[in-house]
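A.B. asks: Below is a structure I'd like to ask you about.
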Amino acid sequence: MKPRDKIKVLGVRSLSDKELLAVILGSGSKKRSVYSLARQISQIINNGDSSAEWLYKRICRIKGIGDAKALSVISAVELGKRLFQNPRAQINCTKDVWLLTKDIGSKRQECVFVIYLDSRKQFIAKREIALGCTNCAAIDVKLILFWAFRLSAFAFVLVHNHPSGECKPSKEDYLTTEKVREVAFLLELDFCDHVIVTKWDYRSII
């Protein structure tokens, strides 16, 4: 039974890693079947570095794999990481926040994320609400609240990076914290923390 037919009959969980990759690739090359290519890619993913850059370079070396197929594979791998990386993590301290957002610490532009939580402080979703901002106080609080209600969240954590590598809060950071706190209180939402992250460090403003 072909993988696509197998999904329809038995469900996607019935497929092996090789079969899932075969579906992602769609077809083989003139000299190699899609299963042969999928088997080699599966070995690379399971036995090597997990970084997207390393994976892309290794997959592109496989005869019969073009740029489009390689990009499809690494995109699927990245999506899997994002969706299933501790999706119900519980936020108990600032370090828990950092573990969920430390990837933004190395970004060259200042960006702002919000982590939304349920009534047990368990992770619901992470949303980027600002990118390339120079003034944290200019964050649109309405957008923070929009996603809170859209996701039926009971609590949230505000997170932003300092590309400079300095964790010390600015005057604007404190102003933003107070503004968000006041609005969240009025709407009975628990504003748990405001965290600054860098490549190597983190700090709570609250």
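Labels used: A, B, ... for chains in the order of the structure tokens, numbers from 1 for residues in each chain, and numbers from 1 for ligands as shown.
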At a cut-off of 12 Å, using only C-alpha atoms, what residues contact Gln122 in chain A? Leave out same-chain residues fewer than 6 positions from it and give the result as a ChimeraX atom specification.
C.D. replies: /A:86-93,96-97,115-116,153-157
A.B. asks: For the alpha helix (DSSP H) assignment from backbone DSSP, which residues of range 99-200 of chain A qualify? Please present them as number ranges by chain.
C.D. replies: A: 99-101, 141-150, 171-186
A.B. asks: Store the residues of this selection in a file with C-alpha atoms, as a compact mmCIF listing (two decimals), in the first residue's frame.
C.D. replies:
```txt
# COMPACT_ATOMS: atom_id res chain seq x y z
CA LEU A 99 13.87 27.79 27.89
CA LEU A 100 10.83 28.40 25.65
CA THR A 101 12.17 31.60 24.10
CA VAL A 141 -1.22 46.22 24.08
CA LYS A 142 -4.43 45.59 22.14
CA LEU A 143 -2.64 42.92 20.11
CA ILE A 144 -1.47 41.18 23.27
CA LEU A 145 -5.03 41.12 24.59
CA PHE A 146 -6.47 40.07 21.23
CA TRP A 147 -4.50 36.83 21.27
CA ALA A 148 -5.22 36.29 24.96
CA PHE A 149 -8.95 36.20 24.28
CA ARG A 150 -8.56 34.41 20.95
CA LYS A 171 13.09 53.03 31.06
CA GLU A 172 10.81 52.02 28.18
CA ASP A 173 10.82 48.40 29.40
CA TYR A 174 9.51 49.49 32.79
CA LEU A 175 6.88 51.74 31.20
CA THR A 176 5.65 48.87 29.04
CA THR A 177 5.48 46.55 32.04
CA GLU A 178 3.32 48.98 34.02
CA LYS A 179 1.05 49.69 31.06
CA VAL A 180 0.44 46.01 30.36
CA ARG A 181 -0.03 45.25 34.06
CA GLU A 182 -2.75 47.89 34.46
CA VAL A 183 -4.72 46.72 31.43
CA ALA A 184 -4.40 43.03 32.33
CA PHE A 185 -5.65 43.74 35.86
CA LEU A 186 -8.75 45.50 34.55
```
A.B. asks: Compare A:Ile104, A:Ile139, A:Val23, A:Val112 by their minimum atom-to-atom distance to Gly165 in chain A, counting only C-alpha atoms, and give me the closest one.
C.D. replies: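 Under the stated criterion, the closest residue is A:Ile104.
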A.B. asks: Here is a test: counting only C-alpha atoms, which residue of A:Cys111, A:Ile45, A:Ile206, A:Val12 is nearest to Val77 in chain A?
C.D. replies: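 Once distances to Val77 in chain A are computed over only C-alpha atoms, the minimum belongs to A:Ile45.
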A.B. asks: Do you know which residues are at most 12 Å from Gly66 in chain A counting only C-alpha atoms, after dropping those on the same chain fewer than 4 positions away, and could you put them as a PyMOL selection string?
C.D. replies: chain A and resi 25+27-29+37+56-62+70-73
A.B. asks: Suppose we keep N, CA, C and O atoms; can you now write the selection as a PDB file, in the first residue's frame?
C.D. replies:
```pdb
ATOM      1  N   LEU A  25       8.606  14.236   0.067  1.00  0.00           N
ATOM      2  CA  LEU A  25       9.381  14.354  -1.176  1.00  0.00           C
ATOM      3  C   LEU A  25       8.487  14.312  -2.404  1.00  0.00           C
ATOM      4  O   LEU A  25       8.738  14.993  -3.399  1.00  0.00           O
ATOM      5  N   SER A  27       8.168  12.488  -4.969  1.00  0.00           N
ATOM      6  CA  SER A  27       8.642  11.623  -6.053  1.00  0.00           C
ATOM      7  C   SER A  27      10.147  11.429  -5.943  1.00  0.00           C
ATOM      8  O   SER A  27      10.835  12.172  -5.235  1.00  0.00           O
ATOM      9  N   GLY A  28      10.648  10.429  -6.644  1.00  0.00           N
ATOM     10  CA  GLY A  28      12.080  10.166  -6.654  1.00  0.00           C
ATOM     11  C   GLY A  28      12.749  10.859  -7.835  1.00  0.00           C
ATOM     12  O   GLY A  28      12.206  11.798  -8.414  1.00  0.00           O
ATOM     13  N   SER A  29      13.924  10.391  -8.192  1.00  0.00           N
ATOM     14  CA  SER A  29      14.648  10.935  -9.342  1.00  0.00           C
ATOM     15  C   SER A  29      14.629   9.902 -10.458  1.00  0.00           C
ATOM     16  O   SER A  29      14.024   8.833 -10.328  1.00  0.00           O
ATOM     17  N   LEU A  37      15.592   7.523  -1.562  1.00  0.00           N
ATOM     18  CA  LEU A  37      15.970   8.867  -1.114  1.00  0.00           C
ATOM     19  C   LEU A  37      15.506   9.103   0.322  1.00  0.00           C
ATOM     20  O   LEU A  37      16.244   9.655   1.141  1.00  0.00           O
ATOM     21  N   TYR A  56      20.308  20.829   5.922  1.00  0.00           N
ATOM     22  CA  TYR A  56      20.118  21.290   4.540  1.00  0.00           C
ATOM     23  C   TYR A  56      21.339  20.965   3.673  1.00  0.00           C
ATOM     24  O   TYR A  56      21.208  20.458   2.552  1.00  0.00           O
ATOM     25  N   LYS A  57      22.519  21.237   4.188  1.00  0.00           N
ATOM     26  CA  LYS A  57      23.745  20.979   3.419  1.00  0.00           C
ATOM     27  C   LYS A  57      23.915  19.496   3.112  1.00  0.00           C
ATOM     28  O   LYS A  57      24.288  19.120   2.006  1.00  0.00           O
ATOM     29  N   ARG A  58      23.647  18.648   4.117  1.00  0.00           N
ATOM     30  CA  ARG A  58      23.806  17.213   3.907  1.00  0.00           C
ATOM     31  C   ARG A  58      22.784  16.662   2.905  1.00  0.00           C
ATOM     32  O   ARG A  58      23.113  15.823   2.064  1.00  0.00           O
ATOM     33  N   ILE A  59      21.541  17.121   3.008  1.00  0.00           N
ATOM     34  CA  ILE A  59      20.497  16.628   2.102  1.00  0.00           C
ATOM     35  C   ILE A  59      20.773  17.052   0.665  1.00  0.00           C
ATOM     36  O   ILE A  59      20.548  16.298  -0.285  1.00  0.00           O
ATOM     37  N   CYS A  60      21.281  18.276   0.492  1.00  0.00           N
ATOM     38  CA  CYS A  60      21.573  18.776  -0.860  1.00  0.00           C
ATOM     39  C   CYS A  60      22.683  17.986  -1.548  1.00  0.00           C
ATOM     40  O   CYS A  60      22.802  18.011  -2.775  1.00  0.00           O
ATOM     41  N   ARG A  61      23.491  17.263  -0.778  1.00  0.00           N
ATOM     42  CA  ARG A  61      24.567  16.453  -1.361  1.00  0.00           C
ATOM     43  C   ARG A  61      24.055  15.137  -1.942  1.00  0.00           C
ATOM     44  O   ARG A  61      24.768  14.457  -2.678  1.00  0.00           O
ATOM     45  N   ILE A  62      22.846  14.758  -1.599  1.00  0.00           N
ATOM     46  CA  ILE A  62      22.290  13.491  -2.074  1.00  0.00           C
ATOM     47  C   ILE A  62      21.916  13.611  -3.550  1.00  0.00           C
ATOM     48  O   ILE A  62      21.188  14.535  -3.948  1.00  0.00           O
ATOM     49  N   ALA A  70      14.940  19.611  -0.674  1.00  0.00           N
ATOM     50  CA  ALA A  70      15.713  19.798   0.562  1.00  0.00           C
ATOM     51  C   ALA A  70      15.036  20.812   1.466  1.00  0.00           C
ATOM     52  O   ALA A  70      14.923  20.613   2.688  1.00  0.00           O
ATOM     53  N   LEU A  71      14.539  21.893   0.896  1.00  0.00           N
ATOM     54  CA  LEU A  71      13.847  22.916   1.686  1.00  0.00           C
ATOM     55  C   LEU A  71      12.537  22.386   2.270  1.00  0.00           C
ATOM     56  O   LEU A  71      12.162  22.738   3.392  1.00  0.00           O
ATOM     57  N   SER A  72      11.858  21.534   1.515  1.00  0.00           N
ATOM     58  CA  SER A  72      10.608  20.942   2.016  1.00  0.00           C
ATOM     59  C   SER A  72      10.873  20.075   3.240  1.00  0.00           C
ATOM     60  O   SER A  72      10.119  20.107   4.217  1.00  0.00           O
ATOM     61  N   VAL A  73      11.967  19.309   3.193  1.00  0.00           N
ATOM     62  CA  VAL A  73      12.300  18.417   4.305  1.00  0.00           C
ATOM     63  C   VAL A  73      12.667  19.201   5.555  1.00  0.00           C
ATOM     64  O   VAL A  73      12.148  18.938   6.644  1.00  0.00           O
TER      65      VAL A  73
END
```
A.B. asks: With only C-alpha atoms as the basis for distance, which of A:Leu10, A:Ala68, A:Val197, A:Ile44 is at the shortest distance from Gly26 in chain A?
C.D. replies: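 Between A:Leu10, A:Ala68, A:Val197, A:Ile44, the residue approaching Gly26 in chain A most closely is A:Ala68.
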A.B. asks: Compare A:Glu78, A:Lys31, A:His160, A:Leu151 by their minimum atom-to-atom distance to Ile129 in chain A, counting only C-alpha atoms, and give me the closest one.
C.D. replies: A:His160
A.B. asks: From the options A:Leu79, A:Met1, A:Val195, A:Lys69, which residue's atoms come nearest to Phe113 in chain A, counting only C-alpha atoms?
C.D. replies: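 Nearest to Phe113 in chain A: A:Val195.
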A.B. asks: Kindly indicate which residue among A:Thr198, A:Gln109, A:Ser16, A:Ser170 lies nearest to Tyr35 in chain A, using only C-alpha atoms for the distances.
C.D. replies: A:Ser16
A.B. asks: Any idea what's packed within 12 Å of Cys167 in chain A, counting only C-alpha atoms, ignoring anything in its chain fewer than 4 positions away? Could you give it as a list of chain:residue names?
C.D. replies: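 Listed by chain and then number, they are A:Gly105, A:Val159, A:His160, A:Asn161, A:His162, A:Pro163, A:Asp173, A:Val195, A:Ile196, A:Val197, A:Thr198, A:Lys199, A:Trp200, A:Asp201, A:Tyr202, A:Arg203, A:Ser204, A:Ile205.
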A.B. asks: Report, in Å with one decimal, the straight-line distance from CA of Leu131 in chain A to CA of Leu189 in chain A.
C.D. replies: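 Taking CA of Leu131 in chain A and CA of Leu189 in chain A, their separation equals 24.1 Å.
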